[in-house]
Amino acid sequence: MKLICPICQEPLEKINASAVCVHHHTFDYAKQGYLNLLITQSKDHGDNLEMVKARTDFLNTGAYQFLRDALSQSVQKEKVQVLADLGCGEGYYTSALPCEEKYGFDLSKDALKHASKNDPASHYTVASIFHLPLPDACCEAAVTCFAPAACEEIFRILKPNGCFLFVTPGPCHLFEMKSVLYDTPYENEMEDLSIDLRLEKDVMIEQKFICSQEGLMNLFLMTPYAYRTSIAGRDKLAQAGNLELTAQFRIRTYRK
Ligand SMILES: [Zn+2]
């Protein structure tokens, strides 16, 4: 296990149901199997149970399976031993990645409960992705899907020649849903990343899928739109019925 103590940065060792460092700082595993290494009070508690449930139900429909497959193929090519997923949520992508030793980090306990129950072989840990409980240069690969890129930490934990896969929504991602929600829908903006890694590959993948009414509401809850949308827009979506949607993702591969 590569995790380090968040208090003294010494390696943690798993002893029974706890992780313990040489200075006897002790962190207990939750009964679902995840570890909480967050020592500072964070205002951000990550996604709540309602969002986690909506996302799990939606992902189980398989609409984003093609993204999971694309990421798995990328990791497969890299021959990765140790991988960190920053902002792993309920582990939908983490669990599928072909790699011997995986670490998933998220602030949401509700998401990690689900992740660790489903995928007990991976190390799911409550921690800020901006202060990772990992030593320097310990991973061949880092992944971030739909979360902010913690550029400094990613650079720090990657081995030389390690890769970072960064997934963001493409400009037209779910445009049809935005067309229902907003009078003047706009495309997602593509932001450049300021990171000390070399951009090696930059691809856009997309697939259309038919989304049920229930799927639409789940999708709505798991996206930032839920906070920005008027009641009128929400009502329109609740009556949209089945809708054909475009899932579009940009996958950037960086190399250290
Ligand atoms: Zn310690």
# chains A, B, ... in the order shown; residues from 1 in each chain; ligands from 1
$ residues_near_ligand --ligand "ligand 1" --cutoff "7 Å" --atoms "only C-alpha atoms and all ligand atoms" --output "ChimeraX atom specification"
/A:5-10,21-25
$ select_by_dssp --residues "region 127-183 of chain A" --states "alpha helix (DSSP H)" --output "PyMOL selection string"
chain A and resi 151-157+175-181
$ residues_around --residues "Cys163 (chain A)" --least-positions-apart "5" --cutoff "6 Å" --atoms "only C-alpha atoms" --output "list in words"
Ala141, Tyr254 and Arg255 of chain A
$ residues_around --residues "Lys43 (chain A)" --least-positions-apart "3" --cutoff "12 Å" --atoms "only C-alpha atoms" --output "compact mmCIF listing (two decimals) with C-alpha atoms, in the first residue's frame"
# COMPACT_ATOMS: atom_id res chain seq x y z
CA LEU A 38 -9.16 13.90 5.70
CA THR A 40 -8.83 19.21 8.13
CA GLY A 46 -18.52 16.25 -2.01
CA LEU A 107 -14.44 14.02 -0.73
CA SER A 108 -17.80 12.26 -0.82
CA SER A 128 -8.73 16.33 -1.03
$ closest_residue --among "A:Leu71, A:Leu12, A:Leu35, A:Ile4" --to "Asp136 (chain A)" --atoms "only C-alpha atoms"
A:Ile4
$ residues_around --residues "Asp85 (chain A)" --least-positions-apart "3" --cutoff "9 Å" --atoms "only C-alpha atoms" --output "ChimeraX atom specification"
/A:88,91,93-94,102-106,141-145
$ closest_residue --among "A:Asp28, A:Tyr34, A:Lys236, A:Glu90" --to "Met51 (chain A)" --atoms "only C-alpha atoms"
A:Glu90
$ residues_around --residues "Glu101 (chain A)" --least-positions-apart "3" --cutoff "9 Å" --atoms "only C-alpha atoms" --output "list in words"
Met1, Val80, Gln81, Val82, Leu83, Ala84, Ala121, Ser122 and His123 of chain A
$ closest_residue --among "A:His131, A:Lys14, A:Lys178, A:Lys208" --to "Thr223 (chain A)" --atoms "only C-alpha atoms"
A:Lys178
$ atom_distance --atom1 "CA of Phe27 (chain A)" --atom2 "CA of Ile129 (chain A)"
18.3 Å
$ closest_atom_pairs --of "region 21-82 of chain A" --to "region 210-219 of chain A" --cutoff "7 Å" --atoms "only C-alpha atoms" --output "tab-separated table"
residue	atom	partner	partner_atom	distance
A:Ala54	CA	A:Asn218	CA	4.6
A:Arg55	CA	A:Asn218	CA	6.4
A:Phe58	CA	A:Gly215	CA	5.8
$ closest_residue --among "A:Ser95, A:Asn242, A:Ser194, A:Gln73" --to "Ser116 (chain A)" --atoms "only C-alpha atoms"
A:Ser95
$ residues_around --residues "Phe146 (chain A)" --least-positions-apart "5" --cutoff "9 Å" --atoms "only C-alpha atoms" --output "list in words"
Gly87, Phe166, Val167, Thr168 and Pro169 of chain A
$ write_last_selection --atoms "N, CA and C atoms" --output "CSV table (one decimal), in the first residue's frame"
chain,number,residue,atom,x,y,z
A,87,GLY,N,-10.8,12.4,-7.8
A,87,GLY,CA,-12.2,12.7,-8.0
A,87,GLY,C,-12.9,11.5,-8.6
A,166,PHE,N,-7.0,13.1,-18.7
A,166,PHE,CA,-7.9,14.2,-18.2
A,166,PHE,C,-9.1,14.2,-19.1
A,167,VAL,N,-10.3,13.9,-18.5
A,167,VAL,CA,-11.6,13.9,-19.2
A,167,VAL,C,-12.5,15.0,-18.8
A,168,THR,N,-12.9,15.8,-19.9
A,168,THR,CA,-13.9,16.8,-19.6
A,168,THR,C,-15.0,16.7,-20.6
A,169,PRO,N,-16.2,17.3,-20.4
A,169,PRO,CA,-17.3,17.2,-21.4
A,169,PRO,C,-16.8,18.0,-22.6
$ closest_residue --among "A:Ala247, A:Val75, A:Ala147, A:Ile39" --to "Cys172 (chain A)" --atoms "only C-alpha atoms"
A:Ala247
$ atom_distance --atom1 "CA of Asn36 (chain A)" --atom2 "CA of Asn48 (chain A)"
16.3 Å
$ atom_distance --atom1 "CA of Tyr92 (chain A)" --atom2 "CA of Cys151 (chain A)"
22.4 Å
